[in-house]
$ cat entry-v8.txt   # compact mmCIF, C-alpha atoms and all ligand atoms
# COMPACT_ATOMS: atom_id res chain seq x y z
CA MET A 1 -47.46 -52.58 41.26
CA SER A 2 -46.96 -49.67 38.87
CA ARG A 3 -49.86 -48.62 36.61
CA LEU A 4 -47.88 -49.59 33.53
CA ALA A 5 -47.40 -53.13 34.75
CA THR A 6 -51.15 -53.59 35.35
CA ASP A 7 -52.67 -56.18 33.09
CA ARG A 8 -56.20 -54.81 32.89
CA ASP A 9 -59.07 -57.18 32.53
CA VAL A 10 -60.34 -55.98 29.14
CA THR A 11 -63.23 -58.00 27.71
CA PRO A 12 -61.83 -60.26 24.95
CA LEU A 13 -62.47 -59.42 21.31
CA GLU A 14 -64.60 -62.57 20.91
CA ALA A 15 -67.22 -61.04 23.21
CA SER A 16 -70.01 -58.92 21.74
CA ALA A 17 -69.08 -55.33 20.93
CA SER A 18 -71.62 -54.04 23.47
CA ALA A 19 -70.14 -56.22 26.24
CA ARG A 20 -66.69 -54.86 25.34
CA SER A 21 -68.01 -51.30 25.49
CA TRP A 22 -69.13 -51.83 29.11
CA SER A 23 -65.61 -52.87 30.07
CA VAL A 24 -63.99 -49.64 28.88
CA PHE A 25 -66.69 -46.91 28.95
CA PRO A 26 -68.45 -45.93 32.19
CA ALA A 27 -72.07 -47.09 31.68
CA GLY A 28 -70.99 -48.57 28.35
CA SER A 29 -71.13 -45.33 26.40
CA ASN A 30 -69.41 -42.05 25.67
CA GLY A 31 -72.40 -39.91 26.59
CA GLU A 32 -75.53 -39.65 28.67
CA PHE A 33 -77.57 -42.35 26.97
CA ASN A 34 -78.16 -44.32 30.16
CA LEU A 35 -79.33 -47.40 28.29
CA PRO A 36 -79.71 -50.65 30.19
CA ARG A 37 -76.98 -53.16 29.38
CA GLU A 38 -79.31 -55.42 27.39
CA LEU A 39 -80.27 -52.60 25.01
CA SER A 40 -76.85 -51.06 24.50
CA ILE A 41 -75.39 -51.40 21.02
CA VAL A 42 -72.29 -50.45 19.09
CA ILE A 43 -72.92 -48.62 15.82
CA ALA A 44 -71.23 -49.79 12.63
CA ARG A 45 -72.51 -47.28 10.08
CA GLY A 46 -75.27 -44.90 9.09
CA GLU A 47 -76.89 -43.81 5.86
CA GLY A 48 -79.65 -41.24 5.47
CA CYS A 49 -82.03 -41.68 8.39
CA ARG A 50 -80.96 -45.26 9.23
CA LEU A 51 -78.07 -46.79 11.11
CA TRP A 52 -76.84 -50.33 11.64
CA ASP A 53 -75.13 -51.86 14.66
CA THR A 54 -72.21 -54.29 14.65
CA GLU A 55 -74.68 -57.21 14.79
CA GLY A 56 -76.31 -56.00 11.58
CA ARG A 57 -79.50 -54.74 13.24
CA GLU A 58 -81.13 -51.75 11.55
CA PHE A 59 -82.46 -48.71 13.41
CA LEU A 60 -84.50 -45.72 12.29
CA ASP A 61 -82.48 -42.82 13.60
CA PHE A 62 -84.44 -40.09 15.40
CA SER A 63 -81.37 -38.89 17.32
CA LEU A 64 -79.16 -37.95 14.35
CA GLY A 65 -75.96 -37.41 16.29
CA TRP A 66 -78.01 -35.33 18.75
CA GLY A 67 -79.23 -33.24 15.88
CA SER A 68 -75.87 -32.62 14.25
CA VAL A 69 -76.69 -34.56 11.09
CA LEU A 70 -79.62 -32.48 9.82
CA VAL A 71 -78.95 -33.46 6.21
CA GLY A 72 -78.82 -37.20 7.01
CA HIS A 73 -75.95 -39.64 7.59
CA ALA A 74 -73.14 -39.92 5.03
CA ASP A 75 -74.81 -37.54 2.60
CA PRO A 76 -72.67 -37.80 -0.58
CA ARG A 77 -72.49 -34.00 -0.94
CA ILE A 78 -70.98 -33.58 2.55
CA THR A 79 -68.76 -36.65 2.22
CA ALA A 80 -67.36 -35.41 -1.11
CA ALA A 81 -66.43 -32.05 0.44
CA VAL A 82 -64.61 -33.82 3.30
CA VAL A 83 -62.81 -36.20 0.92
CA ARG A 84 -61.70 -33.24 -1.23
CA GLN A 85 -60.22 -31.50 1.81
CA ALA A 86 -58.63 -34.49 3.60
CA PRO A 87 -55.51 -34.77 1.39
CA LEU A 88 -54.96 -31.00 1.71
CA GLY A 89 -54.50 -31.09 5.49
CA SER A 90 -56.79 -31.59 8.46
CA ASN A 91 -55.81 -28.84 10.87
CA PHE A 92 -53.58 -25.79 10.96
CA ALA A 93 -55.18 -24.03 13.95
CA TYR A 94 -55.26 -20.95 11.76
CA VAL A 95 -57.52 -19.30 9.18
CA THR A 96 -57.98 -21.36 6.03
CA GLU A 97 -59.84 -20.64 2.83
CA ASN A 98 -62.65 -22.88 4.14
CA SER A 99 -63.00 -21.27 7.58
CA LEU A 100 -62.80 -17.81 6.00
CA ARG A 101 -65.63 -18.59 3.56
CA LEU A 102 -67.64 -20.10 6.39
CA ALA A 103 -67.12 -17.08 8.65
CA GLU A 104 -68.17 -14.79 5.79
CA GLU A 105 -71.36 -16.80 5.32
CA LEU A 106 -72.14 -16.71 9.08
CA VAL A 107 -71.67 -12.95 9.25
CA ARG A 108 -73.85 -12.60 6.13
CA LEU A 109 -76.69 -14.78 7.41
CA SER A 110 -76.80 -14.11 11.16
CA PRO A 111 -78.33 -10.75 12.12
CA ALA A 112 -76.48 -10.82 15.48
CA CYS A 113 -73.02 -11.57 14.12
CA ASP A 114 -70.70 -8.69 13.18
CA ARG A 115 -67.76 -10.95 13.99
CA VAL A 116 -67.40 -14.70 14.67
CA ARG A 117 -64.89 -17.17 15.96
CA PHE A 118 -64.91 -20.95 15.69
CA CYS A 119 -64.46 -23.60 18.34
CA ALA A 120 -65.13 -27.33 18.29
CA SER A 121 -68.42 -27.73 20.20
CA GLY A 122 -71.57 -26.03 21.39
CA THR A 123 -70.32 -26.29 24.97
CA GLU A 124 -67.32 -24.12 24.12
CA ALA A 125 -69.46 -21.68 22.12
CA THR A 126 -71.89 -20.95 24.98
CA MET A 127 -69.00 -20.79 27.47
CA TYR A 128 -67.31 -18.09 25.40
CA CYS A 129 -70.57 -16.14 25.08
CA GLN A 130 -70.93 -16.17 28.87
CA ARG A 131 -67.30 -15.10 29.37
CA LEU A 132 -67.62 -12.31 26.79
CA ALA A 133 -70.78 -11.03 28.45
CA ARG A 134 -69.07 -10.93 31.85
CA ALA A 135 -66.04 -9.15 30.44
CA ALA A 136 -68.06 -6.63 28.42
CA SER A 137 -70.36 -5.76 31.32
CA GLY A 138 -67.94 -6.10 34.22
CA ARG A 139 -70.68 -8.10 35.99
CA MET A 140 -70.46 -11.72 37.05
CA LYS A 141 -73.98 -13.22 37.11
CA ILE A 142 -75.75 -15.01 34.26
CA LEU A 143 -79.48 -15.74 34.21
CA LYS A 144 -80.61 -18.96 32.55
CA PHE A 145 -83.97 -20.70 32.27
CA GLU A 146 -84.71 -23.77 34.33
CA GLY A 147 -84.39 -26.96 32.31
CA ALA A 148 -82.28 -25.38 29.55
CA TYR A 149 -79.12 -27.16 28.43
CA HIS A 150 -76.30 -24.97 27.18
CA GLY A 151 -73.67 -27.69 27.00
CA ALA A 152 -71.56 -29.35 29.65
CA ASN A 153 -70.06 -26.13 31.08
CA GLU A 154 -71.03 -25.18 34.66
CA ILE A 155 -73.83 -22.79 33.74
CA GLY A 156 -74.97 -24.97 30.86
CA VAL A 157 -76.00 -27.82 33.15
CA THR A 158 -77.31 -25.78 36.10
CA SER A 159 -80.93 -26.61 37.00
CA LEU A 160 -81.12 -28.98 34.03
CA PHE A 161 -83.29 -31.56 35.75
CA GLY A 162 -84.75 -29.62 38.67
CA ALA A 163 -84.68 -32.43 41.21
CA LYS A 164 -85.07 -29.98 44.09
CA LEU A 165 -87.40 -27.42 42.49
CA LYS A 166 -85.90 -24.51 44.41
CA ASP A 167 -87.51 -21.08 44.63
CA TRP A 168 -86.56 -18.64 41.83
CA PRO A 169 -83.87 -17.52 41.18
CA GLN A 170 -81.85 -20.09 43.13
CA PRO A 171 -79.71 -22.35 40.93
CA GLU A 172 -79.42 -26.08 41.36
CA PRO A 173 -75.90 -27.31 40.54
CA LEU A 174 -76.04 -30.53 38.52
CA GLY A 175 -73.79 -33.13 40.03
CA ASP A 176 -70.76 -32.57 42.18
CA GLY A 177 -67.71 -30.43 41.60
CA ILE A 178 -69.44 -27.21 40.51
CA ALA A 179 -71.60 -25.85 43.36
CA ALA A 180 -69.12 -23.19 44.51
CA ILE A 181 -68.87 -21.82 40.98
CA VAL A 182 -72.58 -21.93 40.21
CA GLU A 183 -74.34 -20.89 43.39
CA PRO A 184 -73.08 -17.29 43.65
CA HIS A 185 -73.13 -16.60 39.92
CA VAL A 186 -76.18 -18.17 38.29
CA LEU A 187 -79.80 -17.04 38.50
CA VAL A 188 -82.61 -19.25 37.27
CA ALA A 189 -86.02 -18.24 35.93
CA PRO A 190 -89.00 -20.15 34.48
CA PHE A 191 -89.18 -20.18 30.67
CA ASN A 192 -92.13 -18.31 29.15
CA ASP A 193 -92.66 -16.34 32.38
CA LEU A 194 -91.82 -12.70 31.65
CA ALA A 195 -93.22 -11.44 34.96
CA THR A 196 -90.92 -13.60 37.12
CA THR A 197 -87.97 -13.05 34.79
CA GLY A 198 -88.55 -9.29 34.86
CA ARG A 199 -88.67 -9.27 38.66
CA ILE A 200 -85.37 -11.19 38.86
CA LEU A 201 -83.78 -8.83 36.35
CA ALA A 202 -84.96 -5.76 38.23
CA GLU A 203 -83.60 -7.11 41.53
CA ASN A 204 -80.21 -8.20 40.11
CA ALA A 205 -79.49 -5.88 37.17
CA GLN A 206 -76.44 -4.30 38.80
CA GLU A 207 -74.72 -7.70 39.00
CA LEU A 208 -76.16 -9.37 35.92
CA ALA A 209 -74.02 -9.74 32.79
CA ALA A 210 -76.44 -11.59 30.54
CA VAL A 211 -79.52 -13.69 30.04
CA ILE A 212 -78.86 -16.89 28.07
CA VAL A 213 -81.80 -18.66 26.42
CA GLU A 214 -82.48 -21.55 24.09
CA PRO A 215 -85.05 -19.77 21.89
CA LEU A 216 -86.82 -23.13 21.52
CA HIS A 217 -86.46 -24.25 25.13
CA ARG A 218 -85.52 -27.93 24.72
CA CYS A 219 -88.70 -28.79 22.78
CA LEU A 220 -90.97 -26.09 24.29
CA PRO A 221 -91.74 -23.23 21.91
CA PRO A 222 -91.63 -19.66 23.19
CA GLN A 223 -95.10 -18.21 23.70
CA PRO A 224 -95.94 -15.29 21.41
CA GLY A 225 -94.10 -12.22 22.65
CA PHE A 226 -91.82 -14.05 25.11
CA LEU A 227 -88.53 -13.61 23.22
CA ALA A 228 -89.38 -10.05 22.18
CA GLY A 229 -90.32 -9.32 25.81
CA LEU A 230 -87.02 -10.79 26.96
CA ARG A 231 -85.15 -8.61 24.47
CA LYS A 232 -86.94 -5.54 25.86
CA LEU A 233 -86.31 -6.53 29.49
CA CYS A 234 -82.59 -6.95 28.73
CA ASP A 235 -82.47 -3.56 26.99
CA ASP A 236 -84.38 -1.85 29.81
CA HIS A 237 -81.95 -3.22 32.41
CA GLY A 238 -78.74 -2.90 30.36
CA VAL A 239 -78.21 -6.66 30.34
CA LEU A 240 -76.88 -8.59 27.32
CA LEU A 241 -79.00 -11.25 25.61
CA ILE A 242 -77.34 -14.50 24.47
CA PHE A 243 -79.15 -16.88 22.12
CA ASP A 244 -77.96 -20.47 22.37
CA GLU A 245 -78.72 -21.47 18.77
CA VAL A 246 -76.84 -24.76 19.00
CA VAL A 247 -80.12 -26.57 18.29
CA THR A 248 -82.19 -23.90 16.52
CA GLY A 249 -79.40 -22.61 14.26
CA PHE A 250 -79.83 -23.63 10.59
CA ARG A 251 -82.70 -25.90 11.71
CA MET A 252 -85.73 -23.70 12.37
CA ALA A 253 -84.73 -21.50 9.42
CA TYR A 254 -81.49 -20.83 7.57
CA ALA A 255 -80.79 -17.93 9.95
CA GLY A 256 -82.09 -19.98 12.87
CA ALA A 257 -84.27 -18.69 15.67
CA GLN A 258 -83.30 -15.10 14.92
CA GLU A 259 -85.09 -15.41 11.58
CA TYR A 260 -87.82 -17.80 12.71
CA TYR A 261 -88.86 -15.98 15.90
CA GLY A 262 -87.75 -12.54 14.71
CA VAL A 263 -85.60 -11.48 17.69
CA VAL A 264 -81.91 -10.52 17.52
CA PRO A 265 -79.61 -11.16 20.51
CA ASP A 266 -76.28 -9.50 21.36
CA LEU A 267 -74.32 -12.75 21.26
CA VAL A 268 -75.08 -16.10 19.67
CA ALA A 269 -73.69 -19.63 19.98
CA TYR A 270 -73.84 -22.22 17.18
CA GLY A 271 -72.87 -25.87 16.82
CA LYS A 272 -74.54 -29.15 15.84
CA ALA A 273 -76.26 -28.82 12.43
CA LEU A 274 -73.70 -26.29 11.21
CA GLY A 275 -71.00 -28.96 10.99
CA GLY A 276 -73.07 -31.55 9.12
CA GLY A 277 -71.96 -34.12 11.73
CA TYR A 278 -68.34 -32.90 11.96
CA SER A 279 -67.13 -31.20 15.12
CA ILE A 280 -67.87 -27.51 15.14
CA GLY A 281 -68.92 -24.63 17.33
CA ALA A 282 -69.11 -20.93 16.58
CA PHE A 283 -69.86 -17.83 18.57
CA GLY A 284 -70.43 -14.32 17.39
CA GLY A 285 -72.04 -11.02 18.16
CA ARG A 286 -71.75 -7.27 18.21
CA ILE A 287 -68.39 -5.97 17.07
CA ASP A 288 -67.70 -4.04 20.28
CA ILE A 289 -68.13 -7.23 22.34
CA MET A 290 -66.38 -9.61 19.96
CA GLU A 291 -63.33 -7.34 19.67
CA LEU A 292 -62.56 -8.19 23.31
CA VAL A 293 -61.04 -11.46 22.08
CA ALA A 294 -58.41 -9.69 19.95
CA GLU A 295 -55.03 -10.98 21.13
CA SER A 296 -53.55 -7.48 20.87
CA ARG A 297 -55.53 -6.81 24.07
CA LEU A 298 -53.67 -9.49 26.03
CA ASN A 299 -52.71 -8.16 29.47
CA ARG A 300 -54.96 -5.11 28.99
CA ASP A 301 -58.32 -4.41 30.60
CA LYS A 302 -61.25 -6.30 29.15
CA TYR A 303 -59.51 -9.07 27.29
CA VAL A 304 -61.20 -12.43 26.77
CA TRP A 305 -59.15 -15.54 26.14
CA THR A 306 -60.46 -17.88 23.46
CA ALA A 307 -58.59 -20.76 21.87
CA SER A 308 -59.62 -24.06 20.36
CA THR A 309 -57.07 -26.40 18.78
CA LEU A 310 -59.57 -27.89 16.35
CA GLY A 311 -61.89 -24.86 16.10
CA GLY A 312 -62.68 -24.01 12.48
CA ASN A 313 -60.45 -26.77 11.12
CA PRO A 314 -60.64 -27.05 7.32
CA ILE A 315 -62.39 -30.44 7.32
CA SER A 316 -65.22 -29.35 9.62
CA SER A 317 -65.41 -26.07 7.72
CA ALA A 318 -65.63 -27.94 4.39
CA ALA A 319 -68.44 -30.08 5.82
CA ALA A 320 -70.17 -26.95 7.12
CA LEU A 321 -69.90 -25.11 3.78
CA ALA A 322 -71.34 -28.16 1.99
CA THR A 323 -74.11 -28.44 4.61
CA LEU A 324 -75.06 -24.80 4.25
CA GLU A 325 -75.17 -25.18 0.46
CA VAL A 326 -77.63 -28.06 0.86
CA LEU A 327 -79.68 -26.04 3.35
CA ARG A 328 -79.89 -23.09 0.93
CA GLY A 329 -81.48 -25.38 -1.65
CA PRO A 330 -85.13 -25.17 -2.71
CA ASN A 331 -87.91 -26.28 -0.37
CA VAL A 332 -85.55 -27.29 2.50
CA TYR A 333 -87.26 -25.45 5.34
CA PRO A 334 -90.86 -25.96 4.15
CA ARG A 335 -90.01 -29.69 3.97
CA LEU A 336 -88.40 -29.83 7.43
CA HIS A 337 -91.38 -28.01 8.94
CA MET A 338 -93.88 -30.15 7.02
CA LEU A 339 -92.23 -33.36 8.25
CA GLY A 340 -92.10 -32.08 11.83
CA ALA A 341 -95.80 -31.23 11.75
CA TYR A 342 -96.60 -34.59 10.09
CA LEU A 343 -94.74 -36.46 12.85
CA ARG A 344 -96.24 -34.40 15.69
CA ASP A 345 -99.79 -34.78 14.30
CA GLY A 346 -99.28 -38.52 13.92
CA MET A 347 -97.93 -38.86 17.46
CA THR A 348 -100.88 -36.91 18.84
CA ARG A 349 -103.26 -39.19 16.91
CA VAL A 350 -101.63 -42.34 18.35
CA LEU A 351 -101.75 -40.96 21.91
CA ARG A 352 -105.47 -40.12 21.51
CA GLU A 353 -106.28 -43.50 19.91
CA LEU A 354 -104.79 -45.28 22.92
CA SER A 355 -106.02 -42.72 25.50
CA VAL A 356 -102.47 -42.13 26.77
CA PRO A 357 -102.35 -39.15 29.16
CA ALA A 358 -99.55 -37.40 27.30
CA GLN A 359 -99.11 -34.64 24.73
CA VAL A 360 -96.77 -33.75 21.91
CA ILE A 361 -94.59 -30.65 21.92
CA GLY A 362 -92.03 -29.24 19.51
CA ASP A 363 -91.63 -26.93 16.56
CA GLY A 364 -89.94 -27.21 13.16
CA PRO A 365 -88.27 -30.62 12.69
CA LEU A 366 -88.37 -31.46 16.42
CA ALA A 367 -90.86 -33.42 18.48
CA GLN A 368 -91.24 -34.76 22.00
CA ILE A 369 -93.90 -36.65 23.91
CA ALA A 370 -94.46 -35.20 27.38
CA PHE A 371 -96.31 -37.48 29.78
CA ALA A 372 -98.08 -34.54 31.37
CA THR A 373 -101.54 -33.06 31.14
CA GLY A 374 -102.45 -29.38 31.32
CA PRO A 375 -100.74 -26.46 29.63
CA LEU A 376 -96.99 -26.82 29.10
CA ALA A 377 -95.09 -23.53 29.21
CA SER A 378 -91.96 -24.32 31.19
CA SER A 379 -89.79 -27.29 32.16
CA ARG A 380 -91.46 -27.49 35.56
CA ASP A 381 -94.80 -28.13 33.84
CA ILE A 382 -93.24 -31.15 32.11
CA TRP A 383 -91.44 -32.38 35.24
CA ARG A 384 -94.77 -32.45 37.11
CA GLY A 385 -95.74 -35.25 34.70
CA ASP A 386 -94.86 -38.92 34.66
CA SER A 387 -91.20 -39.17 33.64
CA ALA A 388 -91.04 -42.92 34.39
CA SER A 389 -93.62 -43.60 31.64
CA GLY A 390 -91.66 -41.32 29.31
CA ARG A 391 -88.50 -43.33 29.82
CA ALA A 392 -90.35 -46.66 29.53
CA MET A 393 -91.81 -45.53 26.18
CA MET A 394 -88.41 -44.44 24.87
CA LEU A 395 -86.83 -47.75 25.87
CA ALA A 396 -89.72 -49.68 24.26
CA LEU A 397 -89.13 -47.68 21.07
CA PHE A 398 -85.41 -48.40 21.23
CA ALA A 399 -86.15 -52.10 21.58
CA ARG A 400 -88.28 -51.76 18.40
CA GLY A 401 -85.39 -50.41 16.37
CA VAL A 402 -85.78 -46.68 16.86
CA PHE A 403 -82.47 -45.11 17.76
CA LEU A 404 -83.00 -42.28 20.24
CA ASN A 405 -81.69 -40.98 23.51
CA PRO A 406 -84.00 -42.16 26.30
CA LEU A 407 -82.71 -39.32 28.49
CA GLY A 408 -82.89 -36.51 25.96
CA THR A 409 -86.41 -37.42 24.86
CA LYS A 410 -86.22 -34.99 21.93
CA LEU A 411 -86.75 -36.53 18.48
CA TYR A 412 -84.83 -35.01 15.59
CA ILE A 413 -85.85 -35.22 11.92
CA SER A 414 -83.43 -34.88 9.00
CA LEU A 415 -83.82 -34.08 5.33
CA ALA A 416 -83.38 -37.83 4.72
CA HIS A 417 -86.61 -38.62 6.62
CA ASP A 418 -89.91 -38.72 4.77
CA GLU A 419 -93.57 -39.40 5.50
CA ALA A 420 -93.11 -43.19 5.06
CA ILE A 421 -90.34 -43.23 7.68
CA CYS A 422 -92.53 -41.18 10.02
CA ASP A 423 -95.38 -43.69 9.44
CA GLU A 424 -93.00 -46.54 10.28
CA PHE A 425 -92.03 -44.71 13.47
CA LEU A 426 -95.71 -44.18 14.34
CA ASN A 427 -96.44 -47.90 13.96
CA ARG A 428 -93.60 -48.71 16.35
CA LEU A 429 -94.81 -46.00 18.73
CA ARG A 430 -98.30 -47.57 18.73
CA ASP A 431 -96.80 -51.01 19.45
CA ALA A 432 -94.62 -49.63 22.23
CA LEU A 433 -97.52 -47.84 23.90
CA VAL A 434 -99.78 -50.90 23.66
CA GLU A 435 -97.07 -52.97 25.33
CA LEU A 436 -96.72 -50.40 28.12
CA LYS A 437 -100.48 -50.32 28.68
CA GLN A 438 -100.51 -54.08 29.02
CA ALA A 439 -97.54 -54.16 31.41
C1 LIG B 1 -79.06 -26.04 23.22
C2 LIG B 1 -77.71 -26.69 23.35
N1 LIG B 1 -76.64 -25.93 23.61
C3 LIG B 1 -75.40 -26.46 23.70
C4 LIG B 1 -75.18 -27.82 23.54
C5 LIG B 1 -73.80 -28.38 23.66
O1 LIG B 1 -73.29 -28.72 22.43
P1 LIG B 1 -72.07 -29.79 22.34
O2 LIG B 1 -72.63 -31.10 22.75
O3 LIG B 1 -71.63 -29.68 20.91
O4 LIG B 1 -71.01 -29.31 23.28
C6 LIG B 1 -76.28 -28.65 23.27
C7 LIG B 1 -76.08 -30.10 23.11
O5 LIG B 1 -76.99 -30.90 23.14
C8 LIG B 1 -77.58 -28.08 23.19
O6 LIG B 1 -78.66 -28.85 22.96
$ encode --input "entry-v8.txt" --output "structure tokens"
Amino acid sequence: MSRLATDRDVTPLEASASARSWSVFPAGSNGEFNLPRELSIVIARGEGCRLWDTEGREFLDFSLGWGSVLVGHADPRITAAVVRQAPLGSNFAYVTENSLRLAEELVRLSPACDRVRFCASGTEATMYCQRLARAASGRMKILKFEGAYHGANEIGVTSLFGAKLKDWPQPEPLGDGIAAIVEPHVLVAPFNDLATTGRILAENAQELAAVIVEPLHRCLPPQPGFLAGLRKLCDDHGVLLIFDEVVTGFRMAYAGAQEYYGVVPDLVAYGKALGGGYSIGAFGGRIDIMELVAESRLNRDKYVWTASTLGGNPISSAAALATLEVLRGPNVYPRLHMLGAYLRDGMTRVLRELSVPAQVIGDGPLAQIAFATGPLASSRDIWRGDSASGRAMMLALFARGVFLNPLGTKLYISLAHDEAICDEFLNRLRDALVELKQA
């Protein structure tokens, strides 16, 4: 029978929305949530730091569109900017007044960016940074840190979970279909370990295009001097430094990790918070590297192809301009940092109260509970802990109306959160941990 004639067995509309989602999405979702069937939901709407599912159940949102909605859901200032732009056209795949103003603001605020280009996601942004580094240097290898996520591109997911814990600098391809691309071209080092990273750089400098780093490695802060030391190692060995600021950008400070940690890379990737929840990615850097994308170079040496149908579209750019205006407002970053510290302190208190062998990590408006004891400097230190308890806690929180990603384990805070919401979260955390202790 031809495919067109197939009458697929789609779950009828009378069934629950979550049952229907399992009949059309692998694992019932569009991403890596990995929720058990009985917990999966379908979201109807969000407002501020809350969302509601199609059954009318309310959740406190500590995922925030994986951190893309830093201002809070459906903020009227962002919505108004989108509504103003919508009747004027949604995409021209060319420079608009909005994308021009946004590019000007990025070049103004980001110490690394002489020039920028837009794309539609963080995955694209880090991919272009890697490609630019290879073209500029004429070298093929990229060094990343074990456990870092730079998006769904081949390098971005390498050694993300460290199931095999290989010796440095061997990469561990994540999943099938990418080993032949990753194994010869990716080197992996432990975060916060300058000695091992320096040794790998010294041994591979002739073939190494760049080091790519999440300045806040997932939720693990860089130790004092680590990022500056990395900058120096890259300079000493003639290797480019890429900051993946998809999470840290506009979140740790207005100028992201570059401002907050005081280190300037050669290339930088942005996404998430920049778009205020609308699809966006951006990459930028030194003029001599960024000029390699100029289309006048096509078919010449050192030309880098970039293209993104929706990149920098006027609606996402309008949302981004409105988001940045909010973020430039008074007391934004002191408040985000205060709330992050409030949440982390509260989580630590609850863990101590219940004698749970776990600790809280994070910085700025980000927090994570790691079920591990001892000092935590790198992903391997966290992986040595008890990940099953971590997942059980996240699922118990989800069941108590906290929307989060049980795989990601990172909690995001928005400007719409406040101390009372954090207290509500802490009560649910206490309940969840008590239940797990009794299980
Ligand atoms: C640090 C980092 N880089 C890149 C990405 C990929 O961004 P996107 O999902 O927009 O492709 C993510 C997404 O979680 C991320 O956390």
$ atom_distance --input "entry-v8.txt" --atom1 "atom CA of Leu106 of chain A" --atom2 "atom CA of Ala322 of chain A"
13.5 Å
$ residues_around --input "entry-v8.txt" --residues "segment 219-234 of chain A" --least-positions-apart "3" --cutoff "7 Å" --atoms "all atoms listed in the file" --output "PyMOL selection string"
chain A and resi 192+194+198+215-216+237-241+263+361-363+366-368+377+410
$ residues_around --input "entry-v8.txt" --residues "Glu295 of chain A" --least-positions-apart "4" --cutoff "9 Å" --atoms "only C-alpha atoms" --output "list in words"
Tyr303, Val304 and Trp305 of chain A
$ residues_near_ligand --input "entry-v8.txt" --ligand "ligand LIG 1 (chain B)" --cutoff "8 Å" --atoms "only C-alpha atoms and all ligand atoms" --output "VMD selection string"
chain A and resid 66 to 67 120 to 126 148 to 152 156 214 217 to 218 244 to 248 269 to 272 279 to 281
$ atom_distance --input "entry-v8.txt" --atom1 "atom CA of Leu433 of chain A" --atom2 "atom CA of Tyr342 of chain A"
19.2 Å
$ atom_distance --input "entry-v8.txt" --atom1 "atom CA of Cys422 of chain A" --atom2 "atom CA of Ile43 of chain A"
21.8 Å
$ closest_residue --input "entry-v8.txt" --among "A:Gly284, A:Gly48, A:Gly329, A:Pro184" --to "Asp266 of chain A" --atoms "all atoms listed in the file"
A:Gly284
$ closest_residue --input "entry-v8.txt" --among "A:Ser68, A:Gly177, A:Cys113, A:Val434" --to "Ser355 of chain A" --atoms "all atoms listed in the file"
A:Val434
$ closest_atom_pairs --input "entry-v8.txt" --of "segment 308-395 of chain A" --to "segment 423-427 of chain A" --cutoff "9 Å" --atoms "only C-alpha atoms" --output "Markdown table"
| residue | atom | partner | partner_atom | distance |
| --- | --- | --- | --- | --- |
| A:Leu343 | CA | A:Leu426 | CA | 7.9 |
| A:Gly346 | CA | A:Leu426 | CA | 6.7 |
| A:Met347 | CA | A:Leu426 | CA | 6.6 |
| A:Val350 | CA | A:Leu426 | CA | 7.4 |
$ residues_around --input "entry-v8.txt" --residues "Leu35 of chain A" --least-positions-apart "2" --cutoff "12 Å" --atoms "all atoms listed in the file" --output "list in words"
Ser18, Trp22, Pro26, Ala27, Gly28, Ser29, Asn30, Gly31, Glu32, Phe33, Arg37, Glu38, Leu39, Ser40, Ile41, Val42, Arg391, Ala392, Met394, Leu395, Ala396, Phe398, Ala399, Phe403, Leu404, Asn405, Pro406, Leu407 and Gly408 of chain A
$ residues_around --input "entry-v8.txt" --residues "Arg400 of chain A" --least-positions-apart "6" --cutoff "10 Å" --atoms "all atoms listed in the file" --output "count of residues only"
9
$ residues_around --input "entry-v8.txt" --residues "Arg384 of chain A" --least-positions-apart "6" --cutoff "10 Å" --atoms "all atoms listed in the file" --output "JSON, numbers by chain"
{"A": [371, 372, 373]}
$ closest_residue --input "entry-v8.txt" --among "A:Val24, A:Leu336, A:Val268, A:Leu64" --to "Met290 of chain A" --atoms "only C-alpha atoms"
A:Val268
$ closest_residue --input "entry-v8.txt" --among "A:Arg335, A:His73, A:Arg108, A:Arg84" --to "Arg50 of chain A" --atoms "all atoms listed in the file"
A:His73
$ build_atoms --input "entry-v8.txt" --residues "segment 60-66 of chain A" --atoms "N, CA and C atoms" --output "tab-separated table (two decimals), in the frame of the given file"
chain	number	residue	atom	x	y	z
A	60	LEU	N	-84.11	-47.03	12.82
A	60	LEU	CA	-84.50	-45.72	12.29
A	60	LEU	C	-83.91	-44.70	13.24
A	61	ASP	N	-83.18	-43.75	12.72
A	61	ASP	CA	-82.48	-42.82	13.60
A	61	ASP	C	-83.30	-41.55	13.81
A	62	PHE	N	-83.75	-41.33	15.03
A	62	PHE	CA	-84.44	-40.09	15.40
A	62	PHE	C	-83.60	-39.31	16.41
A	63	SER	N	-82.29	-39.63	16.46
A	63	SER	CA	-81.37	-38.89	17.32
A	63	SER	C	-80.40	-38.06	16.47
A	64	LEU	N	-79.97	-38.67	15.35
A	64	LEU	CA	-79.16	-37.95	14.35
A	64	LEU	C	-77.95	-37.25	14.95
A	65	GLY	N	-77.14	-38.02	15.67
A	65	GLY	CA	-75.96	-37.41	16.29
A	65	GLY	C	-76.38	-36.21	17.12
A	66	TRP	N	-77.42	-36.41	17.94
A	66	TRP	CA	-78.01	-35.33	18.75
A	66	TRP	C	-78.28	-34.10	17.90
